[in-house]
>>> print(open('structure_26.tsv').read())   # TSV, C-alpha atoms
chain	number	residue	atom	x	y	z
A	1	LEU	CA	134.03	-105.27	-20.04
A	2	VAL	CA	132.30	-101.95	-19.35
A	3	ARG	CA	129.31	-102.55	-21.63
A	4	ALA	CA	128.71	-104.20	-24.96
A	5	GLY	CA	131.22	-102.80	-27.44
A	6	VAL	CA	133.29	-100.80	-24.92
A	7	MET	CA	136.49	-101.97	-23.24
A	8	ALA	CA	138.47	-99.99	-20.66
A	9	ALA	CA	142.04	-100.37	-19.40
A	10	VAL	CA	143.29	-98.43	-16.37
A	11	GLN	CA	146.88	-97.35	-15.69
A	12	GLN	CA	147.87	-95.51	-12.51
A	13	LEU	CA	150.43	-92.99	-13.81
A	14	VAL	CA	151.00	-91.15	-10.51
A	15	GLU	CA	149.58	-91.19	-7.02
A	16	GLY	CA	146.02	-90.00	-6.58
A	17	THR	CA	147.20	-87.22	-4.29
A	18	VAL	CA	149.33	-85.84	-7.15
A	19	GLY	CA	147.09	-86.19	-10.21
A	20	VAL	CA	147.58	-85.64	-13.94
A	21	SER	CA	146.77	-82.24	-15.45
A	22	CYS	CA	147.11	-83.14	-19.15
A	23	HIS	CA	148.49	-85.70	-21.61
A	24	ALA	CA	149.20	-86.25	-25.32
A	25	TRP	CA	150.13	-89.21	-27.53
A	26	GLY	CA	153.19	-89.41	-29.75
A	27	PRO	CA	153.15	-90.57	-33.39
A	28	GLY	CA	151.84	-94.11	-33.69
A	29	GLY	CA	150.83	-94.16	-30.04
A	30	ARG	CA	154.22	-95.53	-29.00
A	31	GLU	CA	154.84	-92.83	-26.39
A	32	LEU	CA	152.77	-90.79	-23.97
A	33	ALA	CA	153.61	-87.34	-22.62
A	34	TYR	CA	151.92	-86.14	-19.45
A	35	ALA	CA	152.25	-83.52	-16.73
A	36	ALA	CA	151.67	-84.53	-13.11
A	37	ASN	CA	150.25	-81.18	-11.95
A	38	ASN	CA	153.71	-79.63	-11.95
A	39	ASN	CA	156.17	-77.90	-14.28
A	40	GLU	CA	157.58	-81.09	-15.84
A	41	VAL	CA	156.55	-83.15	-18.87
A	42	ARG	CA	157.24	-86.85	-18.51
A	43	ILE	CA	157.50	-89.01	-21.63
A	44	VAL	CA	156.85	-92.71	-21.06
A	45	GLU	CA	156.78	-95.76	-23.29
A	46	ALA	CA	153.21	-96.85	-23.99
A	47	GLY	CA	152.42	-100.28	-22.60
A	48	SER	CA	155.36	-100.65	-20.23
A	49	TRP	CA	154.88	-97.06	-18.96
A	50	LYS	CA	158.61	-96.86	-18.38
A	51	GLU	CA	159.82	-93.28	-18.09
A	52	LYS	CA	162.12	-92.21	-20.95
A	53	VAL	CA	162.76	-88.51	-20.37
A	54	VAL	CA	161.62	-85.50	-18.36
A	55	LEU	CA	161.23	-82.08	-20.02
A	56	SER	CA	161.59	-79.29	-17.46
A	57	GLU	CA	161.77	-75.84	-19.01
A	58	HIS	CA	158.60	-74.37	-17.47
A	59	ASP	CA	158.50	-72.60	-14.09
A	60	MET	CA	154.87	-73.26	-13.14
A	61	THR	CA	152.14	-75.89	-13.64
A	62	ILE	CA	151.82	-77.13	-17.21
A	63	ALA	CA	148.24	-76.60	-18.39
A	64	ALA	CA	148.25	-78.40	-21.75
A	65	ILE	CA	150.34	-80.55	-24.11
A	66	ASP	CA	149.88	-81.34	-27.80
A	67	TRP	CA	152.05	-83.67	-29.90
A	68	HIS	CA	151.78	-83.39	-33.67
A	69	PRO	CA	151.55	-86.83	-35.33
A	70	GLU	CA	153.57	-85.93	-38.44
A	71	SER	CA	156.17	-83.34	-37.44
A	72	ASN	CA	156.83	-85.06	-34.07
A	73	PHE	CA	156.91	-81.60	-32.44
A	74	ILE	CA	155.58	-81.27	-28.90
A	75	VAL	CA	154.09	-77.96	-27.74
A	76	THR	CA	153.51	-77.20	-24.07
A	77	CYS	CA	151.95	-74.22	-22.32
A	78	SER	CA	151.93	-73.28	-18.68
A	79	HIS	CA	150.61	-70.96	-16.01
A	80	ASP	CA	154.01	-69.25	-16.24
A	81	ARG	CA	152.66	-67.46	-19.38
A	82	ASN	CA	155.07	-69.32	-21.66
A	83	ALA	CA	154.95	-71.98	-24.34
A	84	PHE	CA	157.74	-74.16	-25.70
A	85	VAL	CA	158.03	-76.22	-28.87
A	86	TRP	CA	160.11	-79.35	-28.34
A	87	ASN	CA	161.98	-80.96	-31.23
A	88	PHE	CA	163.77	-84.29	-30.97
A	89	ASP	CA	167.41	-83.95	-32.08
A	90	GLU	CA	168.32	-87.24	-33.78
A	91	GLU	CA	172.06	-86.63	-33.48
A	92	GLU	CA	172.06	-85.87	-29.76
A	93	LYS	CA	169.08	-88.12	-29.01
A	94	ALA	CA	167.54	-85.38	-26.88
A	95	TRP	CA	164.51	-83.09	-26.87
A	96	LYS	CA	165.40	-79.44	-27.52
A	97	PRO	CA	163.07	-76.54	-26.62
A	98	SER	CA	162.43	-73.60	-28.96
A	99	LEU	CA	161.39	-70.17	-27.76
A	100	VAL	CA	157.81	-69.02	-28.38
A	101	ILE	CA	156.96	-65.31	-28.28
A	102	LEU	CA	153.45	-65.44	-26.78
A	103	ARG	CA	153.17	-61.84	-25.52
A	104	ILE	CA	150.55	-62.63	-22.86
A	105	GLU	CA	150.44	-61.29	-19.31
A	106	ARG	CA	148.37	-64.05	-17.70
A	107	ALA	CA	148.38	-67.85	-17.59
A	108	ALA	CA	148.24	-69.98	-20.73
A	109	LEU	CA	145.40	-72.50	-20.39
A	110	CYS	CA	145.20	-74.64	-23.53
A	111	VAL	CA	147.18	-75.35	-26.70
A	112	GLN	CA	146.61	-77.21	-29.96
A	113	TRP	CA	148.51	-77.77	-33.21
A	114	SER	CA	146.76	-77.00	-36.48
A	115	PRO	CA	146.12	-80.18	-38.50
A	116	ASP	CA	148.84	-79.26	-41.04
A	117	GLY	CA	151.39	-78.68	-38.23
A	118	GLN	CA	152.37	-75.21	-39.45
A	119	LYS	CA	150.74	-73.29	-36.59
A	120	PHE	CA	149.45	-73.75	-33.08
A	121	ALA	CA	147.08	-71.70	-30.96
A	122	VAL	CA	147.15	-70.96	-27.23
A	123	GLY	CA	144.13	-70.06	-25.13
A	124	SER	CA	144.91	-67.76	-22.22
A	125	SER	CA	143.57	-65.92	-19.18
A	126	ALA	CA	144.61	-62.70	-20.93
A	127	LYS	CA	141.35	-62.71	-23.00
A	128	CYS	CA	143.26	-63.49	-26.18
A	129	VAL	CA	144.48	-66.34	-28.38
A	130	PRO	CA	148.02	-66.17	-29.77
A	131	VAL	CA	148.26	-68.03	-33.09
A	132	CYS	CA	151.90	-69.03	-33.41
A	133	TYR	CA	154.03	-69.92	-36.42
A	134	TYR	CA	157.73	-70.50	-37.05
A	135	GLU	CA	159.94	-67.66	-38.24
A	136	ARG	CA	163.01	-69.20	-39.83
A	137	ASP	CA	165.07	-66.01	-40.00
A	138	ASN	CA	165.10	-65.63	-36.22
A	139	ASN	CA	164.73	-69.32	-35.32
A	140	TRP	CA	161.76	-68.78	-33.00
A	141	TRP	CA	158.00	-69.03	-32.95
A	142	VAL	CA	156.14	-65.74	-33.21
A	143	SER	CA	152.44	-65.03	-32.69
A	144	LYS	CA	149.54	-63.04	-34.08
A	145	MET	CA	146.82	-62.20	-31.59
A	146	ILE	CA	143.07	-62.83	-31.68
A	147	LYS	CA	141.57	-60.32	-29.23
A	148	LYS	CA	137.79	-60.64	-29.52
A	149	HIS	CA	137.19	-62.31	-26.14
A	150	LYS	CA	135.85	-60.63	-23.00
A	151	SER	CA	137.22	-63.18	-20.53
A	152	SER	CA	139.57	-66.18	-20.22
A	153	VAL	CA	139.79	-68.54	-23.19
A	154	LEU	CA	139.28	-72.05	-21.79
A	155	SER	CA	139.38	-74.15	-24.96
A	156	ILE	CA	140.34	-74.06	-28.63
A	157	ALA	CA	139.85	-76.33	-31.65
A	158	TRP	CA	141.16	-76.15	-35.21
A	159	HIS	CA	139.02	-76.68	-38.29
A	160	PRO	CA	140.42	-79.45	-40.57
A	161	ASN	CA	141.41	-76.77	-43.13
A	162	SER	CA	143.88	-75.24	-40.57
A	163	GLN	CA	142.57	-71.73	-41.32
A	164	GLN	CA	139.64	-71.49	-38.92
A	165	LEU	CA	139.81	-71.67	-35.15
A	166	ALA	CA	137.02	-72.24	-32.63
A	167	SER	CA	137.29	-71.04	-29.05
A	168	GLY	CA	135.30	-71.41	-25.85
A	169	ALA	CA	135.56	-68.75	-23.17
A	170	SER	CA	134.30	-67.88	-19.70
A	171	ASP	CA	132.35	-64.97	-21.23
A	172	PHE	CA	129.67	-67.61	-22.06
A	173	ARG	CA	130.53	-67.63	-25.77
A	174	ALA	CA	131.82	-70.05	-28.39
A	175	ARG	CA	133.27	-68.38	-31.47
A	176	VAL	CA	134.80	-69.30	-34.83
A	177	PHE	CA	137.62	-67.04	-36.06
A	178	SER	CA	139.76	-66.69	-39.13
A	179	ALA	CA	143.29	-67.91	-38.36
A	180	PHE	CA	144.70	-67.36	-41.86
A	181	VAL	CA	148.34	-66.25	-41.75
A	182	ALA	CA	149.53	-64.87	-45.09
A	183	ASN	CA	153.17	-65.95	-44.99
A	184	VAL	CA	152.31	-69.45	-43.71
A	185	ASP	CA	149.07	-70.55	-45.36
A	186	GLU	CA	148.40	-70.82	-49.06
A	187	ALA	CA	145.29	-69.25	-50.62
A	188	PRO	CA	142.65	-68.38	-47.99
A	189	VAL	CA	139.64	-70.70	-47.75
A	190	ALA	CA	136.28	-70.05	-46.10
A	191	GLY	CA	135.18	-73.63	-45.45
A	192	ASP	CA	131.40	-73.64	-44.92
A	193	PHE	CA	131.21	-69.85	-44.65
A	194	PRO	CA	130.39	-67.52	-47.57
A	195	SER	CA	133.86	-66.00	-48.07
A	196	PRO	CA	137.26	-65.68	-46.35
A	197	ILE	CA	137.77	-62.87	-43.83
A	198	ALA	CA	140.84	-61.23	-42.31
A	199	PHE	CA	142.85	-62.83	-39.52
A	200	GLY	CA	141.19	-62.49	-36.13
A	201	GLU	CA	137.76	-61.58	-37.47
A	202	THR	CA	134.73	-63.60	-36.37
A	203	TYR	CA	132.94	-66.04	-38.67
A	204	ALA	CA	130.30	-67.03	-36.09
A	205	GLU	CA	129.43	-66.61	-32.41
A	206	PHE	CA	127.18	-68.74	-30.20
A	207	ALA	CA	125.90	-68.01	-26.69
A	208	SER	CA	125.45	-70.31	-23.70
A	209	ASN	CA	124.39	-69.90	-20.08
A	210	GLY	CA	127.74	-70.82	-18.60
A	211	TRP	CA	131.48	-70.90	-19.18
A	212	VAL	CA	132.28	-72.75	-22.40
A	213	HIS	CA	134.73	-75.40	-21.24
A	214	GLY	CA	135.30	-77.39	-24.44
A	215	VAL	CA	134.95	-77.03	-28.22
A	216	ALA	CA	135.53	-79.46	-31.08
A	217	PHE	CA	135.06	-79.70	-34.85
A	218	SER	CA	133.87	-82.89	-36.53
A	219	PRO	CA	136.39	-84.61	-38.87
A	220	SER	CA	134.90	-82.86	-41.92
A	221	GLY	CA	134.48	-79.52	-40.15
A	222	SER	CA	130.76	-79.45	-40.96
A	223	SER	CA	129.77	-79.68	-37.27
A	224	LEU	CA	130.92	-77.75	-34.22
A	225	ALA	CA	130.23	-78.96	-30.68
A	226	PHE	CA	130.78	-77.18	-27.39
A	227	VAL	CA	129.96	-77.89	-23.74
A	228	ALA	CA	129.18	-75.33	-21.04
A	229	HIS	CA	129.15	-75.08	-17.25
A	230	ASP	CA	125.33	-75.07	-17.14
A	231	SER	CA	125.46	-78.82	-17.95
A	232	SER	CA	124.59	-78.32	-21.59
A	233	ALA	CA	125.95	-79.66	-24.87
A	234	HIS	CA	125.59	-77.63	-28.06
A	235	PHE	CA	125.85	-78.93	-31.63
A	236	VAL	CA	126.01	-76.54	-34.61
A	237	THR	CA	125.67	-77.75	-38.20
A	238	PHE	CA	127.20	-75.76	-41.05
A	239	PRO	CA	126.71	-74.10	-43.49
A	240	ASP	CA	123.25	-73.11	-42.20
A	241	GLY	CA	124.50	-72.60	-38.61
A	242	VAL	CA	121.56	-74.40	-37.00
A	243	GLU	CA	122.27	-74.94	-33.28
A	244	GLN	CA	120.86	-77.76	-31.15
A	245	VAL	CA	121.10	-77.47	-27.36
A	246	ILE	CA	120.92	-80.55	-25.12
A	247	LYS	CA	120.25	-79.95	-21.41
A	248	LEU	CA	121.85	-82.66	-19.28
A	249	ASN	CA	120.84	-83.98	-15.86
A	250	PHE	CA	124.40	-84.65	-14.71
A	251	LEU	CA	127.43	-82.57	-13.79
A	252	PRO	CA	129.09	-80.26	-16.36
A	253	LEU	CA	131.29	-81.59	-19.15
A	254	VAL	CA	134.64	-79.93	-19.82
A	255	GLN	CA	136.26	-81.87	-22.70
A	256	LEU	CA	134.92	-83.36	-25.92
A	257	VAL	CA	136.10	-85.01	-29.11
A	258	PHE	CA	134.41	-86.35	-32.24
A	259	LEU	CA	134.81	-90.04	-33.09
A	260	ASP	CA	133.25	-89.51	-36.52
A	261	GLU	CA	130.57	-87.33	-38.11
A	262	ASN	CA	127.79	-88.92	-36.07
A	263	ARG	CA	129.40	-89.69	-32.70
A	264	CYS	CA	130.95	-87.43	-30.09
A	265	VAL	CA	132.32	-88.22	-26.62
A	266	ALA	CA	132.49	-85.66	-23.81
A	267	ALA	CA	133.72	-85.94	-20.22
A	268	GLY	CA	134.05	-83.82	-17.13
A	269	HIS	CA	132.93	-83.50	-13.52
A	270	ASP	CA	130.74	-86.62	-13.58
A	271	MET	CA	133.92	-88.75	-13.91
A	272	ASN	CA	132.29	-90.82	-16.67
A	273	PRO	CA	132.66	-90.21	-20.44
A	274	ALA	CA	129.34	-89.53	-22.15
A	275	LEU	CA	128.57	-90.64	-25.70
A	276	PHE	CA	126.42	-88.46	-27.97
A	277	ALA	CA	125.06	-89.74	-31.28
A	278	ARG	CA	123.29	-88.18	-34.24
A	279	ALA	CA	120.34	-89.86	-35.90
A	280	ASP	CA	117.90	-88.27	-38.36
A	281	ALA	CA	119.86	-84.97	-38.19
A	282	ALA	CA	119.31	-84.67	-34.40
A	283	TRP	CA	121.91	-85.16	-31.65
A	284	ALA	CA	121.08	-86.90	-28.38
A	285	PHE	CA	122.84	-88.27	-25.33
A	286	ALA	CA	123.28	-92.00	-25.95
A	287	ASP	CA	125.01	-93.56	-22.95
A	288	PHE	CA	127.85	-93.40	-20.47
A	289	LEU	CA	130.94	-95.42	-21.35
A	290	ASP	CA	131.53	-96.59	-17.79
A	291	LYS	CA	128.77	-98.87	-16.47
A	292	LYS	CA	128.21	-100.11	-12.93
A	293	PRO	CA	128.90	-103.86	-12.56
A	294	ALA	CA	125.95	-106.08	-11.73
A	295	ALA	CA	125.38	-106.35	-7.99
A	296	PRO	CA	125.91	-109.79	-6.40
A	297	ALA	CA	122.83	-111.70	-5.33
A	298	LYS	CA	121.60	-110.75	-1.87
A	299	THR	CA	121.63	-113.35	0.90
A	300	ALA	CA	119.00	-113.66	3.61
A	301	PRO	CA	119.78	-111.35	6.56
A	302	ASP	CA	120.89	-112.96	9.81
A	303	ALA	CA	119.73	-111.94	13.26
A	304	SER	CA	122.69	-109.61	13.90
A	305	SER	CA	122.10	-107.64	10.71
A	306	ASP	CA	118.43	-107.26	11.59
A	307	VAL	CA	119.42	-105.79	14.95
A	308	ARG	CA	121.85	-103.39	13.27
A	309	SER	CA	119.18	-102.20	10.84
A	310	ARG	CA	116.77	-101.50	13.71
A	311	MET	CA	119.46	-99.59	15.58
A	312	ALA	CA	120.21	-97.57	12.43
A	313	MET	CA	116.52	-96.71	12.10
A	314	TRP	CA	116.31	-95.30	15.65
A	315	GLN	CA	119.63	-93.45	15.27
A	316	ASN	CA	118.38	-91.84	12.07
A	317	LYS	CA	115.10	-90.83	13.78
A	318	ASP	CA	117.14	-89.19	16.50
A	319	ARG	CA	119.27	-87.23	13.98
A	320	THR	CA	116.75	-86.33	11.28
A	321	GLY	CA	113.30	-87.21	12.53
A	322	GLN	CA	112.91	-89.74	9.72
A	323	ALA	CA	113.01	-93.52	9.86
A	324	THR	CA	115.09	-93.86	6.71
A	325	ALA	CA	117.77	-91.79	5.07
A	326	LYS	CA	118.65	-91.56	1.41
A	327	ALA	CA	121.89	-93.41	0.84
A	328	PRO	CA	124.55	-91.32	-0.90
A	329	ASP	CA	125.40	-92.29	-4.48
A	330	ASN	CA	128.25	-94.77	-4.47
A	331	THR	CA	130.77	-93.95	-7.21
A	332	ASP	CA	133.52	-96.36	-6.11
A	333	TRP	CA	132.86	-98.51	-9.17
A	334	LEU	CA	133.85	-95.75	-11.62
A	335	LYS	CA	137.20	-96.06	-13.36
A	336	HIS	CA	138.00	-92.43	-12.52
A	337	GLN	CA	137.68	-91.10	-9.00
A	338	GLY	CA	138.05	-87.46	-9.94
A	339	PRO	CA	136.79	-85.11	-12.68
A	340	ILE	CA	138.10	-85.93	-16.15
A	341	THR	CA	140.22	-82.94	-17.16
A	342	CYS	CA	141.86	-84.23	-20.36
A	343	LEU	CA	140.28	-86.29	-23.15
A	344	LYS	CA	142.21	-87.27	-26.28
A	345	LEU	CA	141.89	-89.51	-29.34
A	346	THR	CA	144.73	-92.00	-29.59
A	347	PRO	CA	146.41	-92.61	-32.97
A	348	ASP	CA	144.46	-95.88	-33.33
A	349	ARG	CA	141.16	-94.04	-32.70
A	350	ALA	CA	140.64	-95.15	-29.11
A	351	LEU	CA	139.93	-92.62	-26.36
A	352	SER	CA	142.16	-91.72	-23.44
A	353	THR	CA	141.26	-89.79	-20.30
A	354	THR	CA	143.26	-88.46	-17.36
A	355	SER	CA	142.18	-86.96	-14.08
A	356	PRO	CA	143.43	-85.56	-10.77
A	357	ASP	CA	143.13	-89.15	-9.49
A	358	GLY	CA	146.41	-89.89	-11.32
A	359	LYS	CA	144.86	-92.48	-13.67
A	360	LEU	CA	145.04	-92.90	-17.43
A	361	VAL	CA	142.05	-94.83	-18.82
A	362	LEU	CA	141.96	-96.15	-22.39
A	363	TRP	CA	138.47	-96.65	-23.84
A	364	ARG	CA	137.91	-98.75	-26.95
A	365	LEU	CA	134.48	-98.55	-28.55
>>> encode(input="structure_26.tsv", output="structure tokens")
Amino acid sequence: LVRAGVMAAVQQLVEGTVGVSCHAWGPGGRELAYAANNNEVRIVEAGSWKEKVVLSEHDMTIAAIDWHPESNFIVTCSHDRNAFVWNFDEEEKAWKPSLVILRIERAALCVQWSPDGQKFAVGSSAKCVPVCYYERDNNWWVSKMIKKHKSSVLSIAWHPNSQQLASGASDFRARVFSAFVANVDEAPVAGDFPSPIAFGETYAEFASNGWVHGVAFSPSGSSLAFVAHDSSAHFVTFPDGVEQVIKLNFLPLVQLVFLDENRCVAAGHDMNPALFARADAAWAFADFLDKKPAAPAKTAPDASSDVRSRMAMWQNKDRTGQATAKAPDNTDWLKHQGPITCLKLTPDRALSTTSPDGKLVLWRL
């Protein structure tokens, strides 16, 4: 029990010296795909964590994985500047990769399917976002490019209508673009904005004082949240575009996801997921999900411990000129022992996190 209403289960997927760079859940949560900071995707059975298959088409570290819950397609992107769409062949009982024409010259950093599964977007170090869709005539995935960024695109998020795309970049900006593709989407929709605009044009842009690590839309699309490297969380409400900025007194957050319209969870360098809640139209930091266990009752010190404490006092005076020293914060009790680099919603609406410590943690609120 982490705290009232929150349960956590820890699974060591790989050694802590190896780490996990990203993960994604299969339909129904029966399988998990993850990359162990290398060029391979491992698919394991949820619960038993028994390895089922290894997908190894990439040449460099895999940066992101997304698994669409309806089409059962997996998309992966890598520092090798490539992306692959994996389809499970029922006859051969094997995963088959499809070629994606990304047309980028630097590393791919993040990837996400559109909610309808017809497109996916890739954030890259090439200051652009390829929006990819399937071209049946040539049997490959082609891309249209969004080129409005001035630096690396670190995060992306689709609006529920699958025609608007949010991005966060290291140029200190979060933006919302049109991702309408004429031969894929039906009639263009504007969502909470006045009218539809052409592909790649900007609906809205918001500034921060640091790299924008993560972006997310609420389930209805009426709220946009993003987190920046200056330890801030930003919440924008549409259609009026009112932005609320929350300055945090802990390390920067890099990933976030909405639980519902009034709750959002973010995680990052502090190794502890943070819950944000909205009440009376205002967002606020609510609590950390991971809580330190109660300390055992202290026993009376014996003579030897008293001697050791006196020795420590004189040693500290010799080193620092002070009788006491501030004890460093002990974080051994945390479930994660490294920054949380991937945060996902599971199909049954729990949360999952992975980290360079090699652990997968499931959080149930």
>>> residues_around(input="structure_26.tsv", residues="Val254 (chain A)", least_positions_apart="5", cutoff="9 Å", atoms="all atoms listed in the file", output="VMD selection string")
chain A and resid 212 to 215 226 to 229 266 to 269 340 to 342
>>> residues_near_point(input="structure_26.tsv", point="(149.2, -62.2, -35.2)", cutoff="10 Å", atoms="only C-alpha atoms", output="PyMOL selection string")
chain A and resi 102+129-133+142-147+179-181+199-200
>>> closest_residue(input="structure_26.tsv", among="A:Gln255, A:Pro347, A:Ile197, A:Phe172", to="Arg30 (chain A)", atoms="only C-alpha atoms")
A:Pro347
>>> residues_around(input="structure_26.tsv", residues="Phe276 (chain A)", least_positions_apart="2", cutoff="9 Å", atoms="all atoms listed in the file", output="list in words")
Asn262, Arg263, Cys264, Val265, Ala266, Ala274, Arg278, Trp283, Ala284, Phe285, Ala286 and Asp287 of chain A
>>> write_last_selection(input="structure_26.tsv", atoms="C-alpha atoms", output="mmCIF file, in the frame of the given file")
data_model
loop_
_atom_site.group_PDB
_atom_site.id
_atom_site.type_symbol
_atom_site.label_atom_id
_atom_site.label_comp_id
_atom_site.auth_asym_id
_atom_site.auth_seq_id
_atom_site.Cartn_x
_atom_site.Cartn_y
_atom_site.Cartn_z
ATOM 1 C CA ASN A 262 127.790 -88.920 -36.070
ATOM 2 C CA ARG A 263 129.400 -89.690 -32.700
ATOM 3 C CA CYS A 264 130.950 -87.430 -30.090
ATOM 4 C CA VAL A 265 132.320 -88.220 -26.620
ATOM 5 C CA ALA A 266 132.490 -85.660 -23.810
ATOM 6 C CA ALA A 274 129.340 -89.530 -22.150
ATOM 7 C CA ARG A 278 123.290 -88.180 -34.240
ATOM 8 C CA TRP A 283 121.910 -85.160 -31.650
ATOM 9 C CA ALA A 284 121.080 -86.900 -28.380
ATOM 10 C CA PHE A 285 122.840 -88.270 -25.330
ATOM 11 C CA ALA A 286 123.280 -92.000 -25.950
ATOM 12 C CA ASP A 287 125.010 -93.560 -22.950
#
>>> closest_residue(input="structure_26.tsv", among="A:Arg364, A:Val153, A:Lys359, A:Trp141", to="His23 (chain A)", atoms="only C-alpha atoms")
A:Lys359
>>> atom_distance(input="structure_26.tsv", atom1="CA of Trp95 (chain A)", atom2="CA of Val10 (chain A)")
28.2 Å
>>> atom_distance(input="structure_26.tsv", atom1="CA of Lys50 (chain A)", atom2="CA of Gly29 (chain A)")
14.3 Å
>>> atom_distance(input="structure_26.tsv", atom1="CA of Ala46 (chain A)", atom2="CA of Ser78 (chain A)")
24.2 Å
